[in-house]
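Undergrad: Below is a structure I'd like to ask you about.
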Amino acid sequence: MPSHPPTQNLTTSIVNDLGIAIVTGKYSEQNPFPVEGELCKQYKASRSVLREAVKMLTAKGLLKARPRQGTWVQSEEHWNLLDPDVLRWMLERKFSLRLLIEFTQIRLAVEPGAAALAAQLAGPAEQAAITRGIERMLAADRGEDDPLDSDIAFHSSVLRASGNPFYAQLRELIETALRFSIRRTNTYKGVKFASVLDHKRVADAIIAGDATGAERFMRALIQEALDLMMAEERKRKRDRRSA
C-alpha cells in the first residue's frame, strides 16, 4: 500500500517540478506562468490537483493568483526563504556561494542560542540523542555511517534539545542547507569529514549543563565554516580581477 494517496503524490511532484522551474527562471516575471489548462495537459492532472499545487506555491511566495487575473510569478524578494523547499530549489540551481554564506550567517545567529538552551533544558532523552549524533560521527570516521547524515543528525538533535518550538521548527531548514554546505566547507578546509572533536565539545558542554560553553563551542564551529566560505569568496573575487 502506498504511504500517501496518489493525488497527494502527484500534487507534491507538480509542486516540486514547478518550484524548480520558477526558481531556475524557466517561468518568471518575463516568462509568463502557463495557464491552468496547459498545465493540466502537461501533467495529466485534474484542475483540482493543479489548483492545490498553485495554492502551495502561492503560500511559499513564488506565485500570486487572483480570480479573473490569472497566476503570475513573484519576484525573488517575495519568496519565503525560510521554507525548506524554496531553499532547496535555490541551492539546486547554479551554485551560489553567496547564498550559503548568507544562510550560514543565519545559522550563526540561531544554533549557538539553541545549544545554550539545550544545556539548560535537555533531559535524558534529548542528551541521549545528542550523544548518538556524536557516536554516528565517530562511526562515519570509521566508514560505518554516512558522514553527511551523521553531522546533520547532531545539529538536528541540538535544535530539538533546546526545548524551544521555534528552534525545533528550523530543523528541516537547517538540514536542507547543511546538505549543501558541509561538503563545500570540508573541501575548503581540505578534509574529508567534519571534526568530531569540535562537535563533541558542544555535546559535552550541553550534557554538563554548561550553557556558556555550549554556546561558545557551537559559535566557534559555525564561525569556522563561515570564515572558510568568506575566504573562498575573497579568493574568487581576486581571481576574477586578475583574469
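Chain labels A, B, ... are given in the sequence in which chains occur in the C-alpha cells; within each chain residues are numbered consecutively from 1, and ligands are likewise numbered from 1 in the order shown.
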Check range 24-201 of chain A with DSSP on the backbone and list each residue it calls helix (DSSP H, G or I), as JSON, numbers by chain.

TA: {"A": [36, 37, 38, 39, 40, 41, 42, 43, 47, 48, 49, 50, 51, 52, 53, 54, 55, 56, 57, 58, 59, 76, 77, 78, 84, 85, 86, 87, 88, 89, 90, 91, 92, 97, 98, 99, 100, 101, 102, 103, 104, 105, 106, 107, 108, 109, 110, 111, 112, 113, 114, 115, 116, 117, 118, 119, 120, 121, 124, 125, 126, 127, 128, 129, 130, 131, 132, 133, 134, 135, 136, 137, 138, 139, 140, 141, 147, 148, 149, 150, 151, 152, 153, 154, 155, 156, 157, 158, 159, 160, 161, 165, 166, 167, 168, 169, 171, 172, 173, 174, 175, 176, 177, 178, 179, 180, 181, 182, 183, 184, 185, 186, 187, 188, 189, 196, 197, 198, 199, 200, 201]}

Undergrad: Can you tell me, as a PyMOL selection string, what residues are no more than 10 Å from Ala45 in chain A when counting only C-alpha atoms, ignoring any on the same chain fewer than 6 positions away?

TA: chain A and resi 7+10-11+14+37+39

Undergrad: Would you write out those residues with N, CA and C atoms, as a compact mmCIF listing (two decimals), in the first residue's frame?

TA:
# COMPACT_ATOMS: atom_id res chain seq x y z
N THR A 7 -3.15 11.10 -5.51
CA THR A 7 -3.32 12.51 -5.84
C THR A 7 -2.36 13.39 -5.03
N LEU A 10 1.01 13.11 -6.65
CA LEU A 10 1.03 13.89 -7.88
C LEU A 10 1.14 15.38 -7.57
N THR A 11 0.38 15.84 -6.59
CA THR A 11 0.45 17.25 -6.22
C THR A 11 1.85 17.62 -5.77
N ILE A 14 4.17 17.84 -8.74
CA ILE A 14 3.92 19.04 -9.54
C ILE A 14 4.50 20.26 -8.83
N GLY A 37 -5.16 25.31 -17.95
CA GLY A 37 -5.43 24.26 -18.93
C GLY A 37 -4.16 23.63 -19.49
N LEU A 39 -1.23 23.46 -18.04
CA LEU A 39 -0.57 22.66 -17.01
C LEU A 39 -1.30 21.34 -16.76

Undergrad: How far is it from CA of Arg183 in chain A to CA of Leu62 in chain A, in Å with one decimal?

TA: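 Interatomic distance here is 28.4 Å.
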
Undergrad: For Ala139 in chain A, which residue out of A:Leu91, A:Asp151, A:Arg241, A:Thr71 is the nearest one, using only C-alpha atoms?

TA: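 So, comparing all the options, the nearest one is A:Asp151.
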
Undergrad: If I take CA of Leu100 in chain A and CA of Ala205 in chain A, how far is one from the other in Å, to one decimal?

TA: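 Rounded to one decimal, the two atoms are 27.4 Å apart.
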
Undergrad: Enumerate, in order of chain and increasing residue number, the residues of range 41-140 of chain A with an atom no farther than 8 Å from range 219-238 of chain A, each with its shortest atom pair and distance in Å to one decimal, counting only C-alpha atoms, as CSV.

TA:
residue,atom,partner,partner_atom,distance
A:Leu97,CA,A:Glu233,CA,7.1
A:Arg98,CA,A:Glu233,CA,7.7
A:Ile101,CA,A:Met229,CA,6.4
A:Thr104,CA,A:Leu226,CA,6.2
A:Gln105,CA,A:Leu226,CA,7.2
A:Arg107,CA,A:Ile222,CA,7.3
A:Leu108,CA,A:Ile222,CA,6.1
A:Glu111,CA,A:Arg219,CA,7.5
A:Pro112,CA,A:Arg219,CA,5.3

Undergrad: Please report the interatomic distance between CA of Leu197 in chain A and CA of Phe103 in chain A in Å with one decimal.

TA: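 Between CA of Leu197 in chain A and CA of Phe103 in chain A the gap works out to 23.8 Å.
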